[in-house]
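Q: Below is the file work03.cif, with mmCIF, C-alpha atoms.
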data_coords
loop_
_atom_site.group_PDB
_atom_site.id
_atom_site.type_symbol
_atom_site.label_atom_id
_atom_site.label_comp_id
_atom_site.auth_asym_id
_atom_site.auth_seq_id
_atom_site.Cartn_x
_atom_site.Cartn_y
_atom_site.Cartn_z
ATOM 1 C CA MET A 1482 150.357 -152.489 -13.594
ATOM 2 C CA SER A 1483 150.551 -150.083 -10.694
ATOM 3 C CA GLU A 1484 147.938 -147.461 -9.883
ATOM 4 C CA GLY A 1485 150.247 -144.648 -10.890
ATOM 5 C CA MET A 1486 149.690 -145.579 -14.495
ATOM 6 C CA SER A 1487 146.646 -145.270 -16.702
ATOM 7 C CA GLU A 1488 145.821 -146.712 -20.064
ATOM 8 C CA HIS A 1489 145.005 -144.472 -22.960
ATOM 9 C CA SER A 1490 144.234 -146.766 -25.824
ATOM 10 C CA GLU A 1491 143.796 -143.952 -28.366
ATOM 11 C CA ILE A 1492 147.428 -142.952 -27.873
ATOM 12 C CA GLU A 1493 148.744 -146.450 -28.166
ATOM 13 C CA ALA A 1494 146.917 -147.478 -31.319
ATOM 14 C CA VAL A 1495 149.523 -146.917 -34.009
ATOM 15 C CA GLU A 1496 149.497 -148.007 -37.592
ATOM 16 C CA PRO A 1497 151.945 -150.633 -38.895
ATOM 17 C CA GLY A 1498 155.227 -148.987 -39.784
ATOM 18 C CA LEU A 1499 154.750 -146.259 -37.199
ATOM 19 C CA GLU A 1500 155.707 -148.388 -34.202
ATOM 20 C CA PHE A 1501 158.355 -145.865 -33.193
ATOM 21 C CA LEU A 1502 155.480 -143.575 -32.216
ATOM 22 C CA ARG A 1503 154.341 -146.005 -29.533
ATOM 23 C CA PRO A 1504 154.703 -144.568 -26.026
ATOM 24 C CA LYS A 1505 157.926 -145.462 -24.245
ATOM 25 C CA PHE A 1506 158.067 -145.447 -20.466
ATOM 26 C CA GLU A 1507 160.268 -147.081 -17.871
ATOM 27 C CA VAL A 1508 158.252 -148.969 -15.297
ATOM 28 C CA GLU A 1509 159.832 -151.123 -12.615
ATOM 29 C CA GLY A 1510 158.829 -152.842 -9.413
ATOM 30 C CA PHE A 1511 162.119 -151.934 -7.759
ATOM 31 C CA PRO A 1512 164.190 -148.903 -8.814
ATOM 32 C CA TRP A 1513 167.170 -150.938 -10.053
ATOM 33 C CA ALA A 1514 167.986 -148.424 -12.763
ATOM 34 C CA GLN A 1515 168.242 -145.636 -10.195
ATOM 35 C CA VAL A 1516 170.362 -147.694 -7.801
ATOM 36 C CA MET A 1517 172.735 -148.766 -10.557
ATOM 37 C CA GLY A 1518 172.797 -145.195 -11.911
ATOM 38 C CA TYR A 1519 173.807 -143.929 -8.470
ATOM 39 C CA VAL A 1520 176.560 -146.537 -8.119
ATOM 40 C CA PHE A 1521 177.954 -145.740 -11.562
ATOM 41 C CA SER A 1522 177.767 -141.972 -10.950
ATOM 42 C CA LEU A 1523 179.874 -142.441 -7.798
ATOM 43 C CA LEU A 1524 182.347 -144.660 -9.673
ATOM 44 C CA LEU A 1525 182.757 -142.094 -12.461
ATOM 45 C CA THR A 1526 183.251 -139.270 -9.955
ATOM 46 C CA PHE A 1527 185.853 -141.096 -7.901
ATOM 47 C CA ALA A 1528 187.655 -142.301 -11.022
ATOM 48 C CA ALA A 1529 188.078 -138.673 -12.139
ATOM 49 C CA LEU A 1530 189.076 -137.547 -8.641
ATOM 50 C CA LEU A 1531 191.706 -140.264 -8.163
ATOM 51 C CA LEU A 1532 193.185 -139.720 -11.633
ATOM 52 C CA VAL A 1533 193.700 -136.039 -10.811
ATOM 53 C CA VAL A 1534 194.898 -136.497 -7.229
ATOM 54 C CA TYR A 1535 197.562 -139.027 -8.298
ATOM 55 C CA HIS A 1536 198.447 -137.166 -11.549
ATOM 56 C CA ALA A 1537 197.988 -140.475 -13.311
ATOM 57 C CA MET A 1538 198.805 -139.217 -16.816
ATOM 58 C CA PRO A 1539 200.136 -136.185 -18.733
ATOM 59 C CA PRO A 1540 198.039 -133.004 -18.189
ATOM 60 C CA ILE A 1541 196.388 -132.776 -21.632
ATOM 61 C CA LEU A 1542 195.452 -136.455 -21.642
ATOM 62 C CA LEU A 1543 194.235 -136.206 -18.053
ATOM 63 C CA LEU A 1544 192.000 -133.260 -18.949
ATOM 64 C CA ALA A 1545 190.571 -135.163 -21.915
ATOM 65 C CA VAL A 1546 189.897 -138.250 -19.789
ATOM 66 C CA ILE A 1547 188.131 -136.404 -16.949
ATOM 67 C CA LEU A 1548 186.016 -134.475 -19.482
ATOM 68 C CA ALA A 1549 185.075 -137.807 -21.079
ATOM 69 C CA LEU A 1550 184.132 -139.134 -17.628
ATOM 70 C CA ALA A 1551 181.973 -136.010 -17.057
ATOM 71 C CA LEU A 1552 180.235 -136.562 -20.396
ATOM 72 C CA GLY A 1553 179.594 -140.170 -19.422
ATOM 73 C CA GLN A 1554 178.131 -138.927 -16.159
ATOM 74 C CA ALA A 1555 175.871 -136.473 -18.036
ATOM 75 C CA GLY A 1556 174.660 -139.253 -20.319
ATOM 76 C CA LEU A 1557 173.953 -141.407 -17.287
ATOM 77 C CA GLN A 1558 171.934 -138.682 -15.546
ATOM 78 C CA LEU A 1559 169.973 -137.915 -18.710
ATOM 79 C CA GLY A 1560 169.315 -141.518 -19.666
ATOM 80 C CA VAL A 1561 168.636 -143.091 -16.294
ATOM 81 C CA PHE A 1562 167.309 -140.316 -14.061
ATOM 82 C CA MET A 1563 165.763 -137.848 -16.496
ATOM 83 C CA HIS A 1564 163.867 -140.544 -18.445
ATOM 84 C CA LEU A 1565 165.270 -138.897 -21.567
ATOM 85 C CA ARG A 1566 163.681 -141.177 -24.128
ATOM 86 C CA GLU A 1567 160.254 -141.202 -22.566
ATOM 87 C CA GLY A 1568 157.322 -139.734 -24.392
ATOM 88 C CA ARG A 1569 153.776 -140.427 -25.481
ATOM 89 C CA GLY A 1570 154.888 -140.507 -29.086
ATOM 90 C CA THR A 1571 157.805 -138.610 -30.523
ATOM 91 C CA ALA A 1572 160.255 -137.612 -27.793
ATOM 92 C CA TRP A 1573 160.160 -133.936 -28.756
ATOM 93 C CA GLN A 1574 162.815 -132.969 -26.205
ATOM 94 C CA LEU A 1575 165.595 -134.838 -28.026
ATOM 95 C CA LEU A 1576 166.122 -132.471 -30.961
ATOM 96 C CA PRO A 1577 166.303 -129.174 -28.986
ATOM 97 C CA LEU A 1578 168.506 -130.913 -26.439
ATOM 98 C CA GLY A 1579 170.892 -132.023 -29.181
ATOM 99 C CA LEU A 1580 170.930 -128.479 -30.519
ATOM 100 C CA ALA A 1581 171.702 -127.129 -27.041
ATOM 101 C CA PHE A 1582 174.626 -129.551 -26.665
ATOM 102 C CA PHE A 1583 175.900 -128.413 -30.063
ATOM 103 C CA ILE A 1584 175.620 -124.714 -29.111
ATOM 104 C CA ALA A 1585 177.279 -125.347 -25.746
ATOM 105 C CA PHE A 1586 180.271 -127.165 -27.222
ATOM 106 C CA ALA A 1587 180.598 -124.713 -30.101
ATOM 107 C CA LEU A 1588 180.511 -121.767 -27.695
ATOM 108 C CA ILE A 1589 182.988 -123.183 -25.192
ATOM 109 C CA GLY A 1590 185.203 -124.917 -27.754
ATOM 110 C CA THR A 1591 185.584 -121.916 -30.044
ATOM 111 C CA SER A 1592 186.184 -119.608 -27.073
ATOM 112 C CA ILE A 1593 189.081 -121.774 -25.927
ATOM 113 C CA TRP A 1594 190.317 -122.250 -29.498
ATOM 114 C CA ILE A 1595 190.378 -118.547 -30.312
ATOM 115 C CA MET A 1596 192.187 -117.701 -27.080
ATOM 116 C CA LEU A 1597 194.938 -120.192 -27.951
ATOM 117 C CA PHE A 1598 196.172 -117.802 -30.649
ATOM 118 C CA LYS A 1599 197.305 -115.217 -28.140
ATOM 119 C CA THR A 1600 198.734 -116.641 -24.946
ATOM 120 C CA GLY A 1601 196.967 -119.915 -24.444
ATOM 121 C CA VAL A 1602 194.189 -120.913 -22.146
ATOM 122 C CA SER A 1603 195.462 -123.752 -20.047
ATOM 123 C CA MET B 1385 145.062 -148.682 -43.689
ATOM 124 C CA SER B 1386 143.780 -147.802 -40.272
ATOM 125 C CA THR B 1387 144.516 -151.195 -38.777
ATOM 126 C CA PRO B 1388 145.826 -150.652 -35.272
ATOM 127 C CA ALA B 1389 148.805 -152.725 -34.272
ATOM 128 C CA VAL B 1390 147.263 -155.113 -31.798
ATOM 129 C CA SER B 1391 150.041 -157.671 -31.506
ATOM 130 C CA GLU B 1392 152.246 -155.463 -29.286
ATOM 131 C CA PRO B 1393 151.531 -155.499 -25.557
ATOM 132 C CA ARG B 1394 149.947 -152.324 -24.277
ATOM 133 C CA GLN B 1395 152.203 -150.205 -22.156
ATOM 134 C CA PRO B 1396 150.843 -148.265 -19.197
ATOM 135 C CA ILE B 1397 151.400 -144.523 -19.359
ATOM 136 C CA PRO B 1398 152.392 -142.632 -16.201
ATOM 137 C CA VAL B 1399 149.647 -140.228 -15.108
ATOM 138 C CA GLU B 1400 151.827 -137.124 -15.623
ATOM 139 C CA PHE B 1401 152.117 -138.098 -19.295
ATOM 140 C CA ALA B 1402 148.634 -139.544 -19.774
ATOM 141 C CA ASP B 1403 147.103 -136.114 -19.097
ATOM 142 C CA GLU B 1404 147.615 -134.292 -22.369
ATOM 143 C CA GLU B 1405 148.014 -130.799 -20.882
ATOM 144 C CA GLU B 1406 150.489 -131.935 -18.236
ATOM 145 C CA SER B 1407 152.422 -133.897 -20.858
ATOM 146 C CA ILE B 1408 152.795 -130.735 -22.965
ATOM 147 C CA LYS B 1409 154.052 -128.867 -19.888
ATOM 148 C CA ILE B 1410 156.763 -131.503 -19.380
ATOM 149 C CA THR B 1411 157.914 -130.947 -22.977
ATOM 150 C CA GLY B 1412 157.826 -127.197 -22.305
ATOM 151 C CA PHE B 1413 160.007 -127.658 -19.246
ATOM 152 C CA TRP B 1414 162.603 -129.416 -21.404
ATOM 153 C CA MET B 1415 162.649 -126.277 -23.557
ATOM 154 C CA PHE B 1416 163.390 -124.211 -20.451
ATOM 155 C CA LEU B 1417 166.236 -126.567 -19.509
ATOM 156 C CA VAL B 1418 167.670 -126.164 -23.020
ATOM 157 C CA THR B 1419 167.794 -122.371 -22.616
ATOM 158 C CA ASP B 1420 169.257 -122.695 -19.116
ATOM 159 C CA MET B 1421 171.902 -124.991 -20.531
ATOM 160 C CA ILE B 1422 172.950 -122.256 -22.981
ATOM 161 C CA ILE B 1423 173.224 -119.765 -20.104
ATOM 162 C CA PHE B 1424 175.592 -122.118 -18.293
ATOM 163 C CA ALA B 1425 177.502 -122.768 -21.525
ATOM 164 C CA SER B 1426 178.100 -119.012 -21.840
ATOM 165 C CA LEU B 1427 179.370 -118.829 -18.269
ATOM 166 C CA PHE B 1428 181.646 -121.838 -18.860
ATOM 167 C CA ALA B 1429 183.022 -120.092 -21.961
ATOM 168 C CA VAL B 1430 183.688 -116.924 -19.918
ATOM 169 C CA TYR B 1431 185.445 -118.969 -17.258
ATOM 170 C CA ALA B 1432 187.524 -120.817 -19.874
ATOM 171 C CA VAL B 1433 188.713 -117.497 -21.291
ATOM 172 C CA TYR B 1434 189.479 -115.873 -17.932
ATOM 173 C CA ARG B 1435 190.826 -118.751 -15.871
ATOM 174 C CA SER B 1436 194.468 -117.948 -16.663
ATOM 175 C CA ARG B 1437 193.966 -114.213 -15.925
ATOM 176 C CA THR B 1438 194.728 -114.310 -12.231
ATOM 177 C CA ALA B 1439 196.250 -110.775 -11.945
ATOM 178 C CA LEU B 1440 197.640 -110.390 -8.408
ATOM 179 C CA GLY B 1441 195.189 -112.900 -6.959
ATOM 180 C CA PRO B 1442 195.552 -116.646 -6.375
ATOM 181 C CA THR B 1443 195.695 -119.208 -9.188
ATOM 182 C CA PRO B 1444 193.097 -122.017 -9.310
ATOM 183 C CA GLN B 1445 195.758 -124.415 -8.018
ATOM 184 C CA GLN B 1446 196.491 -122.205 -4.992
ATOM 185 C CA LEU B 1447 192.845 -121.415 -4.248
ATOM 186 C CA PHE B 1448 190.920 -124.683 -4.527
ATOM 187 C CA HIS B 1449 190.661 -127.300 -1.810
ATOM 188 C CA LEU B 1450 189.186 -130.516 -3.127
ATOM 189 C CA GLY B 1451 187.802 -131.622 0.266
ATOM 190 C CA PRO B 1452 184.687 -129.398 0.420
ATOM 191 C CA THR B 1453 184.208 -129.789 -3.337
ATOM 192 C CA VAL B 1454 184.147 -133.579 -3.134
ATOM 193 C CA LEU B 1455 181.660 -133.307 -0.260
ATOM 194 C CA GLU B 1456 179.436 -131.039 -2.391
ATOM 195 C CA THR B 1457 179.672 -133.524 -5.269
ATOM 196 C CA LEU B 1458 178.651 -136.417 -3.037
ATOM 197 C CA LEU B 1459 175.730 -134.455 -1.566
ATOM 198 C CA LEU B 1460 174.428 -133.443 -4.990
ATOM 199 C CA LEU B 1461 174.918 -136.891 -6.577
ATOM 200 C CA THR B 1462 173.062 -138.488 -3.683
ATOM 201 C CA SER B 1463 170.254 -135.923 -3.914
ATOM 202 C CA SER B 1464 169.971 -136.670 -7.633
ATOM 203 C CA PHE B 1465 169.496 -140.321 -6.658
ATOM 204 C CA THR B 1466 166.900 -139.532 -3.951
ATOM 205 C CA ILE B 1467 164.752 -137.403 -6.286
ATOM 206 C CA GLY B 1468 165.017 -140.214 -8.856
ATOM 207 C CA ILE B 1469 163.621 -142.568 -6.205
ATOM 208 C CA ALA B 1470 160.880 -140.020 -5.396
ATOM 209 C CA VAL B 1471 159.737 -140.124 -9.041
ATOM 210 C CA TRP B 1472 159.851 -143.909 -8.971
ATOM 211 C CA ALA B 1473 157.731 -143.871 -5.769
ATOM 212 C CA MET B 1474 155.320 -141.436 -7.431
ATOM 213 C CA ARG B 1475 154.873 -143.825 -10.350
ATOM 214 C CA SER B 1476 154.341 -146.685 -7.922
ATOM 215 C CA ASN B 1477 151.651 -144.532 -6.263
ATOM 216 C CA ARG B 1478 153.208 -144.291 -2.798
ATOM 217 C CA PRO B 1479 152.588 -140.702 -1.628
ATOM 218 C CA ARG B 1480 154.230 -141.052 1.795
ATOM 219 C CA LEU B 1481 157.386 -142.426 0.216
ATOM 220 C CA VAL B 1482 157.376 -139.520 -2.255
ATOM 221 C CA LEU B 1483 157.272 -137.004 0.622
ATOM 222 C CA GLY B 1484 160.098 -138.745 2.461
ATOM 223 C CA TRP B 1485 162.424 -138.884 -0.544
ATOM 224 C CA LEU B 1486 161.580 -135.286 -1.445
ATOM 225 C CA ILE B 1487 162.495 -134.158 2.080
ATOM 226 C CA ALA B 1488 165.753 -136.138 1.829
ATOM 227 C CA THR B 1489 166.496 -134.384 -1.470
ATOM 228 C CA MET B 1490 165.888 -130.968 0.086
ATOM 229 C CA ALA B 1491 168.113 -131.781 3.072
ATOM 230 C CA LEU B 1492 170.949 -132.914 0.807
ATOM 231 C CA GLY B 1493 170.488 -129.819 -1.355
ATOM 232 C CA ALA B 1494 170.621 -127.606 1.727
ATOM 233 C CA GLY B 1495 173.814 -129.401 2.795
ATOM 234 C CA PHE B 1496 175.265 -128.633 -0.626
ATOM 235 C CA VAL B 1497 174.398 -124.911 -0.415
ATOM 236 C CA ILE B 1498 175.769 -124.608 3.146
ATOM 237 C CA THR B 1499 179.033 -126.321 2.138
ATOM 238 C CA GLU B 1500 179.358 -124.065 -0.892
ATOM 239 C CA ILE B 1501 178.701 -120.884 1.106
ATOM 240 C CA SER B 1502 181.246 -121.854 3.777
ATOM 241 C CA ASP B 1503 183.727 -122.617 0.989
ATOM 242 C CA PHE B 1504 183.130 -119.182 -0.555
ATOM 243 C CA VAL B 1505 183.471 -117.531 2.860
ATOM 244 C CA ALA B 1506 186.829 -119.278 3.335
ATOM 245 C CA TYR B 1507 188.015 -118.023 -0.061
ATOM 246 C CA THR B 1508 186.898 -114.431 0.514
ATOM 247 C CA SER B 1509 188.409 -114.373 4.002
ATOM 248 C CA HIS B 1510 191.754 -115.045 2.299
ATOM 249 C CA GLY B 1511 191.182 -111.995 0.116
ATOM 250 C CA ALA B 1512 190.014 -113.936 -2.937
ATOM 251 C CA THR B 1513 186.966 -111.811 -3.721
ATOM 252 C CA TRP B 1514 185.421 -111.573 -7.170
ATOM 253 C CA HIS B 1515 186.858 -108.190 -8.159
ATOM 254 C CA VAL B 1516 190.475 -109.310 -7.608
ATOM 255 C CA SER B 1517 190.963 -110.981 -10.998
ATOM 256 C CA GLY B 1518 189.219 -112.119 -14.153
ATOM 257 C CA PHE B 1519 189.617 -115.714 -12.983
ATOM 258 C CA LEU B 1520 187.821 -115.018 -9.690
ATOM 259 C CA SER B 1521 185.044 -113.031 -11.430
ATOM 260 C CA GLY B 1522 184.415 -115.895 -13.843
ATOM 261 C CA PHE B 1523 184.641 -118.443 -11.036
ATOM 262 C CA TYR B 1524 182.158 -116.765 -8.685
ATOM 263 C CA VAL B 1525 179.671 -115.974 -11.460
ATOM 264 C CA LEU B 1526 179.690 -119.519 -12.855
ATOM 265 C CA VAL B 1527 179.660 -121.410 -9.551
ATOM 266 C CA GLY B 1528 177.429 -118.795 -7.887
ATOM 267 C CA THR B 1529 174.810 -119.034 -10.658
ATOM 268 C CA HIS B 1530 174.689 -122.776 -10.118
ATOM 269 C CA GLY B 1531 174.435 -122.323 -6.328
ATOM 270 C CA ALA B 1532 171.589 -119.823 -6.841
ATOM 271 C CA HIS B 1533 169.802 -122.398 -9.008
ATOM 272 C CA VAL B 1534 170.111 -125.013 -6.256
ATOM 273 C CA THR B 1535 168.871 -122.504 -3.648
ATOM 274 C CA PHE B 1536 165.866 -121.695 -5.841
ATOM 275 C CA GLY B 1537 165.311 -125.424 -6.322
ATOM 276 C CA ILE B 1538 165.074 -125.939 -2.552
ATOM 277 C CA MET B 1539 162.435 -123.189 -2.298
ATOM 278 C CA TRP B 1540 160.566 -124.796 -5.183
ATOM 279 C CA ALA B 1541 160.763 -128.159 -3.388
ATOM 280 C CA ILE B 1542 159.255 -126.600 -0.231
ATOM 281 C CA THR B 1543 156.209 -125.301 -2.151
ATOM 282 C CA LEU B 1544 155.951 -128.657 -3.909
ATOM 283 C CA LEU B 1545 156.049 -130.468 -0.588
ATOM 284 C CA LEU B 1546 153.186 -128.329 0.772
ATOM 285 C CA GLN B 1547 151.103 -128.959 -2.365
ATOM 286 C CA LEU B 1548 151.760 -132.694 -2.257
ATOM 287 C CA ARG B 1549 150.692 -132.817 1.386
ATOM 288 C CA ARG B 1550 147.500 -130.861 0.741
ATOM 289 C CA ARG B 1551 146.438 -132.305 -2.608
ATOM 290 C CA GLY B 1552 148.123 -135.689 -2.796
ATOM 291 C CA LEU B 1553 149.212 -137.229 -6.073
ATOM 292 C CA THR B 1554 147.056 -135.591 -8.752
ATOM 293 C CA PRO B 1555 148.026 -135.298 -12.426
ATOM 294 C CA ILE B 1556 149.130 -131.705 -11.705
ATOM 295 C CA THR B 1557 151.260 -132.427 -8.629
ATOM 296 C CA ARG B 1558 152.737 -135.478 -10.392
ATOM 297 C CA ARG B 1559 153.761 -133.325 -13.343
ATOM 298 C CA LYS B 1560 155.248 -130.735 -10.960
ATOM 299 C CA LEU B 1561 157.295 -133.365 -9.146
ATOM 300 C CA PHE B 1562 158.460 -134.777 -12.484
ATOM 301 C CA THR B 1563 159.575 -131.371 -13.802
ATOM 302 C CA PHE B 1564 161.247 -130.622 -10.475
ATOM 303 C CA SER B 1565 163.191 -133.871 -10.806
ATOM 304 C CA LEU B 1566 164.274 -132.855 -14.330
ATOM 305 C CA TYR B 1567 165.470 -129.502 -12.953
ATOM 306 C CA TRP B 1568 167.342 -131.170 -10.121
ATOM 307 C CA HIS B 1569 169.111 -133.746 -12.316
ATOM 308 C CA PHE B 1570 169.993 -130.946 -14.739
ATOM 309 C CA LEU B 1571 171.695 -129.044 -11.891
ATOM 310 C CA ASP B 1572 173.557 -132.220 -10.995
ATOM 311 C CA ILE B 1573 174.879 -132.450 -14.573
ATOM 312 C CA VAL B 1574 175.968 -128.789 -14.496
ATOM 313 C CA TRP B 1575 177.729 -129.423 -11.184
ATOM 314 C CA ILE B 1576 179.595 -132.428 -12.597
ATOM 315 C CA PHE B 1577 180.985 -130.144 -15.291
ATOM 316 C CA ILE B 1578 181.877 -127.477 -12.711
ATOM 317 C CA PHE B 1579 183.573 -130.144 -10.580
ATOM 318 C CA THR B 1580 185.511 -131.425 -13.607
ATOM 319 C CA PHE B 1581 186.188 -128.276 -15.602
ATOM 320 C CA VAL B 1582 186.711 -125.821 -12.716
ATOM 321 C CA TYR B 1583 187.902 -127.692 -9.639
ATOM 322 C CA LEU B 1584 189.614 -130.863 -10.923
ATOM 323 C CA SER B 1585 191.208 -129.235 -13.977
ATOM 324 C CA GLY B 1586 192.336 -126.404 -11.671
ATOM 325 C CA LYS B 1587 194.423 -128.994 -9.856
ATOM 326 C CA ILE B 1588 196.093 -130.220 -13.047
ATOM 327 C CA ALA B 1589 199.440 -128.485 -13.353
#
Starting from the file, give its structure as structure tokens.

A:
Amino acid sequence: MSEGMSEHSEIEAVEPGLEFLRPKFEVEGFPWAQVMGYVFSLLLTFAALLLVVYHAMPPILLLAVILALALGQAGLQLGVFMHLREGRGTAWQLLPLGLAFFIAFALIGTSIWIMLFKTGVS
Amino acid sequence: MSTPAVSEPRQPIPVEFADEEESIKITGFWMFLVTDMIIFASLFAVYAVYRSRTALGPTPQQLFHLGPTVLETLLLLTSSFTIGIAVWAMRSNRPRLVLGWLIATMALGAGFVITEISDFVAYTSHGATWHVSGFLSGFYVLVGTHGAHVTFGIMWAITLLLQLRRRGLTPITRRKLFTFSLYWHFLDIVWIFIFTFVYLSGKIA
């Protein structure tokens, strides 16, 4: 255990059946997760860039694929770099974050959808 | 009933979470990021609606050059990595390493802002200012809001750097570095969507 950590036994003592409330933290001797996260973030970025530069597929499909790559990138940043699932007990950030993703996609998706009725938003 | 589970190995808790007050502030900072995310979602929606309304100005395909944009992406992705390493160094209790990686993050962030400003200057010098068309208004507001966030982040990092130098790694400065890293990674995510949804999709015919 490194000095940057401290033990709080009263937080860790959980009753049987409530093990999901046990603290979850990522502790490593070497930042492998960060290095791998960086490598994968570069791969995802260049995959999207090359697909667009070489017009590798039809426009609609291409748009869907690069958006999927961006979502993968977001998941990577959240999971690896933002220690998303970390918490002393319940990871309280998860529910509001899910709600924010829902609002974001509803807002952007319905805006695009409703504009398609008139002239189309490419 | 109150039998603690003793069979599981005890897991060390990082100092910024072990301190109850600082831990609550980290949760609070997530709430801020959630609201900021909705601001950016609104601006993305505005851009999606206006991107085809180019009036007499340039279209996205005519305007964008991927070169500077790819450079900005690389700078920001790398800075997201360096601040991730700074948090790792903080948890390994290596203050000098934390300072070094934080300075690297600031330098990369500054490189991003300078590249973005020079890109904007190039656009405006070709007459593509933000009152020319709905597309350009939406573009400058969305990308400019993100650039303003990064600029603010660099100023935040400077104050953080001074505090870390004066006070070292205390529960408070650890929490501040952790929340700064959340902010910085969040801006990286927003940029990835700008890169994809604005620049790359602007190059799709």

Q: Residues picked by the PyMOL selection byres ((chain A and resi 1544) around 9) here, as a list in words?

A: Val1533, Pro1539, Pro1540, Ile1541, Leu1542, Leu1543, Ala1545, Val1546, Ile1547, Leu1548 and Ala1549 of chain A; Thr1580, Phe1581, Leu1584, Ser1585 and Ile1588 of chain B

Q: Using only C-alpha atoms, can you tell me which of B:Asp1572, B:Ala1429, B:Tyr1567, B:Arg1437 comes closest to B:Phe1416?

A: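 Residue with the minimum atom-to-atom distance to B:Phe1416: B:Tyr1567.
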
Q: Pull the closest atom pair for each residue of chain B that gets at most 7 Å from chain A, along with the distance in Å to one decimal, counting all atoms listed in the file, ordering rows by chain and then ascending residue number, as CSV.

A:
residue,atom,partner,partner_atom,distance
B:Ser1386,CA,A:Glu1496,CA,6.3
B:Thr1387,CA,A:Glu1496,CA,6.0
B:Pro1388,CA,A:Glu1496,CA,5.1
B:Ala1389,CA,A:Glu1496,CA,5.8
B:Pro1396,CA,A:Glu1488,CA,5.3
B:Ile1397,CA,A:Met1486,CA,5.3
B:Pro1398,CA,A:Met1486,CA,4.3
B:Val1399,CA,A:Met1486,CA,5.4
B:Phe1401,CA,A:Arg1569,CA,6.8
B:Ala1402,CA,A:Ser1487,CA,6.8
B:Thr1411,CA,A:Gln1574,CA,6.2
B:Trp1414,CA,A:Gln1574,CA,6.0
B:Val1418,CA,A:Ala1581,CA,5.8
B:Met1421,CA,A:Ala1581,CA,6.9
B:Ile1422,CA,A:Ala1585,CA,6.0
B:Ala1425,CA,A:Ala1585,CA,5.0
B:Ser1426,CA,A:Leu1588,CA,6.9
B:Phe1428,CA,A:Ile1589,CA,6.6
B:Ala1429,CA,A:Ile1589,CA,4.5
B:Ala1432,CA,A:Ile1593,CA,6.3
B:Val1433,CA,A:Ile1593,CA,6.3
B:Ser1436,CA,A:Val1602,CA,6.2
B:Phe1465,CA,A:Tyr1519,CA,5.9
B:Gly1468,CA,A:Phe1562,CA,5.7
B:Ile1469,CA,A:Gln1515,CA,6.8
B:Trp1472,CA,A:Pro1512,CA,6.6
B:Met1474,CA,A:Gly1485,CA,6.9
B:Arg1475,CA,A:Gly1485,CA,4.7
B:Ser1476,CA,A:Gly1485,CA,5.5
B:Asn1477,CA,A:Gly1485,CA,4.8
B:Leu1566,CA,A:Met1563,CA,5.6
B:His1569,CA,A:Gln1558,CA,6.5
B:Ile1573,CA,A:Ala1555,CA,5.4
B:Ile1576,CA,A:Ala1551,CA,6.2
B:Phe1577,CA,A:Ala1551,CA,6.2
B:Thr1580,CA,A:Ile1547,CA,6.5
B:Leu1584,CA,A:Val1533,CA,6.6
B:Ser1585,CA,A:Leu1544,CA,6.4
B:Ile1588,CA,A:Pro1540,CA,6.2
B:Ala1589,CA,A:Pro1540,CA,6.8

Q: State, in Å with one decimal place, the distance from atom CA of B:Arg1551 to atom CA of B:Gly1484.

A: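 We find that atom CA of B:Arg1551 and atom CA of B:Gly1484 lie 15.9 Å from each other.
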
Q: For atom CA of B:Ser1517 and atom CA of A:Phe1598, quote the distance in Å rounded to one decimal.

A: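 Between atom CA of B:Ser1517 and atom CA of A:Phe1598 the gap works out to 21.4 Å.
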
Q: Could you state the separation of atom CA of B:Thr1563 and atom CA of B:Lys1409 in Å, given to one decimal place?

A: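 Separating atom CA of B:Thr1563 from atom CA of B:Lys1409 is a distance of 8.6 Å.
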
Q: So what does the PyMOL selection byres ((chain B and resi 1441) around 10) actually pick up in this one, as JSON, numbers by chain?

A: {"B": [1437, 1438, 1439, 1440, 1442, 1443, 1444, 1446, 1447, 1511, 1512, 1513, 1514, 1515, 1516, 1517, 1518, 1519, 1520]}

Q: Running the PyMOL selection byres ((chain B and resi 1501) around 12) on this model by hand, what would come out? Give it as number ranges by chain.

A: B: 1452-1453, 1456, 1494-1500, 1502-1508, 1524, 1527-1528, 1531-1532, 1535

Q: Given 8 Å of margin on each side, can you work out the centre and size in Å (one decimal) of an axis-aligned box holding every listed atom of stretch 1512-1515 of chain A, as AutoDock Vina command-line options?

A:
--center_x 166.2 --center_y -148.3 --center_z -10.8 --size_x 20.1 --size_y 21.3 --size_z 19.9
